[in-house]
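Have a look at work-v9.tsv; it's TSV, C-alpha atoms:
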chain	number	residue	atom	x	y	z
U	21	MET	CA	191.11	-17.85	117.69
U	22	PHE	CA	192.21	-14.49	119.08
U	23	ASN	CA	189.85	-13.01	121.62
U	24	LYS	CA	188.79	-9.54	120.39
U	25	CYS	CA	190.26	-7.95	123.51
U	26	LYS	CA	193.63	-9.60	122.75
U	27	LEU	CA	193.85	-8.83	119.02
U	28	LYS	CA	194.73	-5.16	118.64
U	29	ILE	CA	195.58	-3.75	115.23
U	30	GLY	CA	197.19	-0.39	114.57
U	31	PHE	CA	196.90	1.39	111.23
U	32	ASP	CA	198.85	4.11	109.54
U	33	PHE	CA	196.69	6.63	107.69
U	34	ASP	CA	198.47	8.23	104.72
U	35	GLY	CA	199.33	5.76	101.98
U	36	THR	CA	197.74	2.89	103.88
U	37	ILE	CA	194.09	3.82	104.41
U	38	ILE	CA	193.90	6.96	102.28
U	39	ASP	CA	195.26	6.93	98.72
U	40	HIS	CA	197.20	10.05	97.69
U	41	THR	CA	198.40	8.58	94.38
U	42	GLN	CA	196.36	10.73	92.00
U	43	ASN	CA	196.94	13.93	93.95
U	44	LYS	CA	200.70	13.32	93.93
U	45	ILE	CA	200.61	12.84	90.16
U	46	LEU	CA	198.64	16.06	89.67
U	47	ILE	CA	200.89	18.14	91.93
U	48	ALA	CA	204.08	16.73	90.38
U	49	ARG	CA	202.72	17.69	86.94
U	50	GLN	CA	202.27	21.29	88.13
U	51	TYR	CA	206.01	21.34	88.81
U	52	GLY	CA	206.89	19.83	85.43
U	53	PHE	CA	207.24	16.17	86.42
U	54	GLU	CA	205.23	13.49	84.62
U	55	ILE	CA	205.09	10.50	86.96
U	56	GLN	CA	203.21	7.22	87.00
U	57	SER	CA	201.34	5.63	89.92
U	58	ALA	CA	204.22	3.26	90.69
U	59	GLN	CA	206.56	6.27	91.10
U	60	THR	CA	204.47	7.95	93.82
U	61	PRO	CA	205.81	6.11	96.92
U	62	SER	CA	208.16	8.42	98.83
U	63	ARG	CA	211.18	6.16	98.32
U	64	ARG	CA	210.82	6.50	94.53
U	65	LEU	CA	209.43	10.02	94.34
U	66	LYS	CA	212.42	11.47	96.21
U	67	LYS	CA	214.68	10.16	93.41
U	68	ILE	CA	212.63	11.94	90.73
U	69	VAL	CA	211.77	15.36	92.13
U	70	SER	CA	213.92	17.88	94.00
U	71	GLU	CA	213.70	18.08	97.80
U	72	PRO	CA	211.73	21.38	97.74
U	73	VAL	CA	209.21	19.92	95.27
U	74	TYR	CA	208.91	16.75	97.35
U	75	ARG	CA	208.19	18.84	100.47
U	76	GLN	CA	205.60	20.87	98.58
U	77	ILE	CA	203.85	17.69	97.40
U	78	GLN	CA	203.76	16.42	100.99
U	79	ASN	CA	202.40	19.74	102.28
U	80	GLU	CA	199.66	19.83	99.67
U	81	ILE	CA	198.47	16.23	100.07
U	82	TYR	CA	198.40	16.55	103.88
U	83	GLY	CA	196.44	19.79	103.65
U	84	SER	CA	193.01	20.36	102.12
U	85	LEU	CA	193.71	17.85	99.32
U	86	THR	CA	193.33	15.12	101.94
U	87	LEU	CA	189.58	15.72	101.80
U	88	SER	CA	189.42	14.79	98.11
U	89	ALA	CA	191.64	11.70	98.39
U	90	PRO	CA	189.87	8.33	98.08
U	91	ILE	CA	190.10	5.42	100.45
U	92	MET	CA	192.35	2.56	99.34
U	93	ASP	CA	190.64	-0.13	97.27
U	94	GLY	CA	189.24	-2.82	99.53
U	95	ALA	CA	189.97	-0.93	102.76
U	96	ILE	CA	186.36	-0.37	103.88
U	97	SER	CA	185.25	-3.99	103.61
U	98	ALA	CA	188.51	-5.24	105.17
U	99	LEU	CA	188.25	-2.79	108.07
U	100	GLU	CA	184.61	-3.75	108.65
U	101	GLU	CA	185.58	-7.43	108.86
U	102	LEU	CA	188.56	-6.73	111.09
U	103	ASN	CA	186.41	-4.59	113.37
U	104	LYS	CA	184.42	-7.75	114.21
U	105	ILE	CA	187.47	-9.65	115.47
U	106	ALA	CA	189.82	-6.97	116.81
U	107	GLU	CA	190.21	-3.59	118.45
U	108	LEU	CA	191.31	-1.10	115.79
U	109	PHE	CA	193.47	1.98	116.34
U	110	LEU	CA	194.73	4.61	113.95
U	111	ILE	CA	198.19	5.98	114.74
U	112	SER	CA	199.41	8.52	112.22
U	113	ARG	CA	202.45	10.76	112.07
U	114	ARG	CA	201.05	14.17	111.18
U	115	GLN	CA	202.89	16.94	112.95
U	116	SER	CA	200.94	20.03	111.94
U	117	PRO	CA	197.72	20.75	113.90
U	118	GLU	CA	196.10	21.82	110.61
U	119	PHE	CA	197.03	18.53	108.92
U	120	ARG	CA	195.67	16.61	111.92
U	121	LEU	CA	192.33	18.44	111.75
U	122	VAL	CA	191.97	17.69	108.04
U	123	ALA	CA	192.70	14.01	108.65
U	124	LYS	CA	190.15	13.89	111.50
U	125	LYS	CA	187.55	15.42	109.18
U	126	TRP	CA	188.29	12.83	106.47
U	127	LEU	CA	188.03	10.02	109.04
U	128	ALA	CA	184.75	11.40	110.45
U	129	ASP	CA	183.31	11.63	106.95
U	130	ASN	CA	184.49	8.20	105.79
U	131	LEU	CA	185.29	5.84	108.68
U	132	SER	CA	183.50	7.05	111.81
U	133	HIS	CA	181.83	3.62	112.04
U	134	ILE	CA	185.29	2.02	112.32
U	135	PHE	CA	187.47	4.46	114.28
U	136	SER	CA	185.97	6.30	117.22
U	137	GLU	CA	187.65	9.55	118.26
U	138	THR	CA	189.21	7.72	121.23
U	139	ALA	CA	190.93	5.27	118.84
U	140	ILE	CA	192.65	7.94	116.72
U	141	PHE	CA	196.12	9.18	117.65
U	142	PHE	CA	198.43	11.60	115.89
U	143	VAL	CA	202.13	11.61	116.72
U	144	ASP	CA	205.20	13.68	115.90
U	145	THR	CA	207.81	10.94	115.37
U	146	ASN	CA	208.15	7.32	114.34
U	147	GLN	CA	209.33	6.48	117.85
U	148	ASP	CA	206.06	7.94	119.15
U	149	LYS	CA	204.22	5.38	117.03
U	150	ASN	CA	206.07	2.61	118.81
U	151	ASN	CA	205.33	4.15	122.20
U	152	PHE	CA	201.61	4.24	121.46
U	153	CYS	CA	201.67	0.68	120.14
U	154	ARG	CA	203.42	-0.47	123.30
U	155	ASP	CA	201.08	1.39	125.64
U	156	LEU	CA	197.95	0.21	123.79
U	157	LYS	CA	199.33	-3.36	123.58
U	158	ILE	CA	198.97	-3.41	119.79
U	159	ASN	CA	200.24	-6.70	118.41
U	160	ILE	CA	199.69	-6.00	114.68
U	161	TYR	CA	200.51	-2.82	112.77
U	162	ILE	CA	200.35	-1.89	109.07
U	163	ASP	CA	202.20	1.00	107.44
U	164	ASP	CA	203.28	1.88	103.90
U	165	HIS	CA	206.73	3.04	105.08
U	166	LEU	CA	209.24	0.34	105.89
U	167	SER	CA	211.33	2.92	107.76
U	168	VAL	CA	208.46	3.43	110.22
U	169	LEU	CA	208.04	-0.29	110.83
U	170	GLU	CA	211.72	-0.54	111.79
U	171	TYR	CA	210.90	1.58	114.86
U	172	LEU	CA	208.06	-0.66	116.03
U	173	ASN	CA	210.08	-3.00	118.21
U	174	ASP	CA	207.14	-3.59	120.54
U	175	VAL	CA	204.82	-4.85	117.78
U	176	LEU	CA	204.87	-8.59	117.17
U	177	TYR	CA	203.48	-8.61	113.60
U	178	ARG	CA	204.60	-5.68	111.45
U	179	HIS	CA	202.97	-5.49	108.02
U	180	TRP	CA	204.35	-3.42	105.17
U	181	PHE	CA	201.62	-2.17	102.81
U	182	ASP	CA	203.60	-2.40	99.58
U	183	GLN	CA	201.02	-1.43	96.97
U	184	TYR	CA	203.61	-0.58	94.30
U	185	ASP	CA	206.04	-3.46	94.80
U	186	LEU	CA	209.00	-1.83	96.52
U	187	SER	CA	209.84	-5.01	98.42
U	188	GLY	CA	212.14	-6.26	95.65
U	189	GLU	CA	214.30	-3.14	96.02
U	190	VAL	CA	215.04	-3.19	99.76
U	191	ASP	CA	215.77	-5.54	102.64
U	192	HIS	CA	212.49	-5.94	104.49
U	193	GLN	CA	213.56	-8.60	106.94
U	194	GLY	CA	211.32	-8.75	109.98
U	195	THR	CA	208.23	-7.42	108.21
U	196	ILE	CA	205.33	-9.13	106.50
U	197	VAL	CA	204.74	-7.74	103.02
U	198	VAL	CA	201.13	-7.22	101.91
U	199	LYS	CA	200.16	-5.95	98.46
U	200	SER	CA	196.50	-5.12	99.04
U	201	TRP	CA	193.85	-4.85	101.73
U	202	GLU	CA	192.51	-8.25	100.73
U	203	ASP	CA	195.99	-9.69	101.21
U	204	PHE	CA	196.25	-8.07	104.67
U	205	LEU	CA	192.82	-9.33	105.71
U	206	ASN	CA	193.65	-12.88	104.64
U	207	LYS	CA	196.93	-12.83	106.58
U	208	ILE	CA	195.16	-11.61	109.74
U	209	LYS	CA	192.45	-14.26	109.41
U	210	ARG	CA	195.10	-16.98	109.08
U	211	LEU	CA	196.96	-15.51	112.04
U	212	SER	CA	193.87	-15.38	114.24
U	213	ILE	CA	192.94	-18.97	113.40
U	214	ALA	CA	196.46	-20.13	114.26
U	215	GLN	CA	196.46	-18.44	117.68
U	216	PRO	CA	195.31	-20.28	120.82
Take the structure in the file and write it out as C-alpha coordinates.
Amino acid sequence: MFNKCKLKIGFDFDGTIIDHTQNKILIARQYGFEIQSAQTPSRRLKKIVSEPVYRQIQNEIYGSLTLSAPIMDGAISALEELNKIAELFLISRRQSPEFRLVAKKWLADNLSHIFSETAIFFVDTNQDKNNFCRDLKINIYIDDHLSVLEYLNDVLYRHWFDQYDLSGEVDHQGTIVVKSWEDFLNKIKRLSIAQP
(Lines of atoms letter the chains of each structure in order from A and count residues from 1; the text may use other names and numbers.)
(Lines give C-alpha, C1' and ligand atoms only; values in the text may rest on other atoms or scores of the structure.)
Protein backbone atom coordinates (compact mmCIF):
# COMPACT_ATOMS: atom_id res chain seq x y z
CA MET A 1 0.00 0.00 0.00
CA PHE A 2 1.12 3.56 -0.72
CA ASN A 3 2.70 5.32 2.21
CA LYS A 4 0.74 8.54 2.87
CA CYS A 5 3.87 10.61 2.27
CA LYS A 6 4.27 8.96 -1.17
CA LEU A 7 0.66 9.20 -2.38
CA LYS A 8 -0.01 12.80 -3.36
CA ILE A 9 -3.24 13.73 -5.10
CA GLY A 10 -3.95 17.00 -6.86
CA PHE A 11 -7.46 18.26 -7.47
CA ASP A 12 -8.96 20.77 -9.83
CA PHE A 13 -11.67 22.93 -8.26
CA ASP A 14 -14.27 24.14 -10.78
CA GLY A 15 -16.30 21.32 -12.32
CA THR A 16 -14.48 18.71 -10.25
CA ILE A 17 -15.07 19.60 -6.60
CA ILE A 18 -17.61 22.39 -7.01
CA ASP A 19 -20.65 21.89 -9.26
CA HIS A 20 -21.58 24.88 -11.43
CA THR A 21 -24.20 22.99 -13.45
CA GLN A 22 -27.33 24.71 -12.13
CA ASN A 23 -25.78 28.17 -12.20
CA LYS A 24 -24.72 27.68 -15.83
CA ILE A 25 -28.27 26.65 -16.74
CA LEU A 26 -29.73 29.71 -15.00
CA ILE A 27 -27.29 32.17 -16.59
CA ALA A 28 -27.72 30.64 -20.07
CA ARG A 29 -31.50 31.05 -19.67
CA GLN A 30 -31.02 34.77 -18.96
CA TYR A 31 -29.39 35.02 -22.39
CA GLY A 32 -32.16 33.07 -24.11
CA PHE A 33 -30.59 29.61 -24.16
CA GLU A 34 -32.43 26.63 -22.66
CA ILE A 35 -29.80 24.01 -21.89
CA GLN A 36 -29.77 20.72 -20.03
CA SER A 37 -27.25 19.51 -17.44
CA ALA A 38 -25.40 17.37 -19.99
CA GLN A 39 -24.85 20.47 -22.16
CA THR A 40 -23.04 22.46 -19.44
CA PRO A 41 -19.47 21.13 -19.90
CA SER A 42 -17.37 23.76 -21.68
CA ARG A 43 -16.73 21.55 -24.71
CA ARG A 44 -20.48 21.32 -25.37
CA LEU A 45 -21.55 24.73 -24.11
CA LYS A 46 -19.19 26.52 -26.52
CA LYS A 47 -21.07 24.89 -29.42
CA ILE A 48 -24.44 26.21 -28.17
CA VAL A 49 -23.83 29.77 -27.01
CA SER A 50 -21.85 32.60 -28.60
CA GLU A 51 -18.31 33.33 -27.39
CA PRO A 52 -19.37 36.53 -25.54
CA VAL A 53 -22.18 34.65 -23.75
CA TYR A 54 -19.81 31.81 -22.88
CA ARG A 55 -17.33 34.31 -21.38
CA GLN A 56 -20.12 35.97 -19.41
CA ILE A 57 -21.23 32.60 -18.00
CA GLN A 58 -17.64 31.86 -16.95
CA ASN A 59 -17.26 35.29 -15.33
CA GLU A 60 -20.48 34.91 -13.38
CA ILE A 61 -19.88 31.38 -12.09
CA TYR A 62 -16.32 32.24 -11.02
CA GLY A 63 -17.53 35.36 -9.22
CA SER A 64 -19.97 35.60 -6.32
CA LEU A 65 -22.09 32.74 -7.71
CA THR A 66 -19.29 30.40 -6.62
CA LEU A 67 -20.49 30.86 -3.05
CA SER A 68 -23.92 29.40 -3.87
CA ALA A 69 -22.62 26.45 -5.90
CA PRO A 70 -22.88 23.02 -4.24
CA ILE A 71 -20.13 20.49 -3.81
CA MET A 72 -20.18 17.57 -6.25
CA ASP A 73 -22.21 14.56 -5.12
CA GLY A 74 -20.02 12.19 -3.14
CA ALA A 75 -17.02 14.54 -3.01
CA ILE A 76 -16.98 15.15 0.76
CA SER A 77 -17.01 11.50 1.79
CA ALA A 78 -14.47 10.59 -0.93
CA LEU A 79 -12.14 13.42 0.07
CA GLU A 80 -12.40 12.45 3.74
CA GLU A 81 -11.41 8.87 2.90
CA LEU A 82 -8.60 9.97 0.61
CA ASN A 83 -7.31 12.35 3.27
CA LYS A 84 -6.56 9.29 5.44
CA ILE A 85 -4.28 7.68 2.85
CA ALA A 86 -2.78 10.60 0.91
CA GLU A 87 -1.61 14.18 0.93
CA LEU A 88 -4.22 16.30 -0.86
CA PHE A 89 -3.58 19.49 -2.82
CA LEU A 90 -5.92 21.79 -4.69
CA ILE A 91 -4.45 23.35 -7.84
CA SER A 92 -6.92 25.54 -9.70
CA ARG A 93 -6.59 27.82 -12.70
CA ARG A 94 -8.31 31.02 -11.61
CA GLN A 95 -6.55 34.08 -12.95
CA SER A 96 -8.48 36.93 -11.36
CA PRO A 97 -7.56 37.83 -7.76
CA GLU A 98 -11.28 38.36 -7.07
CA PHE A 99 -12.16 34.89 -8.38
CA ARG A 100 -9.38 33.38 -6.25
CA LEU A 101 -10.68 35.07 -3.10
CA VAL A 102 -14.21 33.78 -3.73
CA ALA A 103 -12.89 30.25 -4.23
CA LYS A 104 -10.83 30.47 -1.02
CA LYS A 105 -13.95 31.57 0.86
CA TRP A 106 -15.95 28.64 -0.54
CA LEU A 107 -13.16 26.23 0.42
CA ALA A 108 -12.88 27.69 3.93
CA ASP A 109 -16.63 27.37 4.39
CA ASN A 110 -16.92 23.85 2.98
CA LEU A 111 -13.61 21.96 3.00
CA SER A 112 -11.28 23.55 5.54
CA HIS A 113 -10.98 20.15 7.25
CA ILE A 114 -9.57 18.71 4.00
CA PHE A 115 -7.49 21.47 2.39
CA SER A 116 -5.36 23.67 4.60
CA GLU A 117 -4.40 27.08 3.22
CA THR A 118 -0.89 25.75 2.52
CA ALA A 119 -2.35 23.03 0.25
CA ILE A 120 -4.31 25.42 -1.99
CA PHE A 121 -2.70 26.87 -5.10
CA PHE A 122 -4.12 29.09 -7.82
CA VAL A 123 -2.37 29.33 -11.17
CA ASP A 124 -2.65 31.34 -14.37
CA THR A 125 -2.06 28.64 -17.00
CA ASN A 126 -2.42 24.92 -17.56
CA GLN A 127 1.37 24.63 -17.76
CA ASP A 128 1.53 26.16 -14.28
CA LYS A 129 -0.60 23.27 -13.04
CA ASN A 130 1.99 20.84 -14.33
CA ASN A 131 4.81 22.84 -12.74
CA PHE A 132 3.11 22.70 -9.34
CA CYS A 133 2.38 19.00 -9.71
CA ARG A 134 6.03 18.37 -10.56
CA ASP A 135 7.37 20.48 -7.70
CA LEU A 136 4.95 18.95 -5.16
CA LYS A 137 5.65 15.43 -6.51
CA ILE A 138 1.95 14.82 -7.16
CA ASN A 139 1.45 11.40 -8.72
CA ILE A 140 -2.36 11.54 -9.19
CA TYR A 141 -4.43 14.43 -10.51
CA ILE A 142 -8.13 14.82 -11.35
CA ASP A 143 -9.63 17.50 -13.59
CA ASP A 144 -12.85 17.88 -15.58
CA HIS A 145 -10.99 19.31 -18.60
CA LEU A 146 -9.16 16.83 -20.78
CA SER A 147 -7.21 19.71 -22.33
CA VAL A 148 -5.69 20.48 -18.91
CA LEU A 149 -4.67 16.88 -18.31
CA GLU A 150 -2.76 16.88 -21.60
CA TYR A 151 -0.35 19.40 -20.02
CA LEU A 152 0.34 17.27 -16.95
CA ASN A 153 3.30 15.33 -18.30
CA ASP A 154 4.83 15.00 -14.84
CA VAL A 155 1.77 13.28 -13.32
CA LEU A 156 1.77 9.49 -13.50
CA TYR A 157 -2.00 8.92 -13.10
CA ARG A 158 -4.19 11.54 -14.78
CA HIS A 159 -7.92 11.18 -14.11
CA TRP A 160 -10.58 12.86 -16.22
CA PHE A 161 -13.73 13.67 -14.22
CA ASP A 162 -16.26 13.04 -16.98
CA GLN A 163 -19.57 13.54 -15.20
CA TYR A 164 -21.56 14.07 -18.41
CA ASP A 165 -20.02 11.36 -20.59
CA LEU A 166 -17.84 13.31 -23.01
CA SER A 167 -15.34 10.47 -23.29
CA GLY A 168 -17.19 8.90 -26.22
CA GLU A 169 -16.73 12.10 -28.24
CA VAL A 170 -12.96 12.62 -27.96
CA ASP A 171 -9.67 10.73 -27.88
CA HIS A 172 -8.72 10.50 -24.22
CA GLN A 173 -5.70 8.26 -24.58
CA GLY A 174 -3.37 8.48 -21.61
CA THR A 175 -6.07 9.46 -19.12
CA ILE A 176 -8.21 7.43 -16.76
CA VAL A 177 -11.89 8.29 -17.12
CA VAL A 178 -13.97 8.53 -13.94
CA LYS A 179 -17.71 9.26 -13.93
CA SER A 180 -18.23 10.05 -10.25
CA TRP A 181 -16.41 10.63 -6.99
CA GLU A 182 -17.21 7.08 -5.93
CA ASP A 183 -15.63 5.83 -9.15
CA PHE A 184 -12.50 7.94 -8.50
CA LEU A 185 -12.23 6.75 -4.90
CA ASN A 186 -12.51 3.10 -5.95
CA LYS A 187 -9.80 3.54 -8.60
CA ILE A 188 -7.43 5.14 -6.07
CA LYS A 189 -8.07 2.40 -3.52
CA ARG A 190 -7.29 -0.26 -6.14
CA LEU A 191 -4.19 1.67 -7.16
CA SER A 192 -2.93 2.03 -3.60
CA ILE A 193 -3.45 -1.67 -2.89
CA ALA A 194 -1.53 -2.59 -6.04
CA GLN A 195 1.49 -0.43 -5.16
CA PRO A 196 4.45 -1.83 -3.19
Q. Of the residues U:Asp93, U:Glu202, U:Asp164, U:Glu170, which is the one nearest to Asp182 (chain U), using only C-alpha atoms?
A.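 Of U:Asp93, U:Glu202, U:Asp164, U:Glu170, the one nearest Asp182 (chain U) is U:Asp164, counting only C-alpha atoms.
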Q: Figure out the distance between CA of Ile96 (chain U) and CA of Trp180 (chain U), please, to one decimal in Å.
A: 18.3 Å
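Between CA of Ile111 (chain U) and CA of Tyr161 (chain U) there is a distance of 9.3 Å.
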Q | Option closest in space to Lys66 (chain U), from U:Ala98, U:Ala48, U:Asn173, U:Leu87 [counting only C-alpha atoms] | A | U:Ala48
Axis-aligned box for region 138-150 of chain U, 5 Å per side, centre and edges in Å as lines of an AutoDock Vina configuration file:
center_x = 199.3
center_y = 8.1
center_z = 117.8
size_x = 30.1
size_y = 21.1
size_z = 16.9
Q) At what distance in Å, to one decimal, does CA of Ile162 (chain U) lie from CA of Lys199 (chain U)? A) 11.4 Å
Q: May I have the residues at most 12 Å from (206.0, -6.6, 95.9) in the file's coordinates, counting all atoms listed in the file, as a PyMOL selection string?
A: chain U and resi 58+164+180-192+196-200+203
(Q) as a list in words, please: the residues near Met92 (chain U) (cut-off 8 Å, all atoms listed in the file, same-chain neighbours under 2 positions excluded). (A) Thr36, Ile37, Ile38, Asp39, Pro90, Gly94, Ala95 and Trp201 of chain U
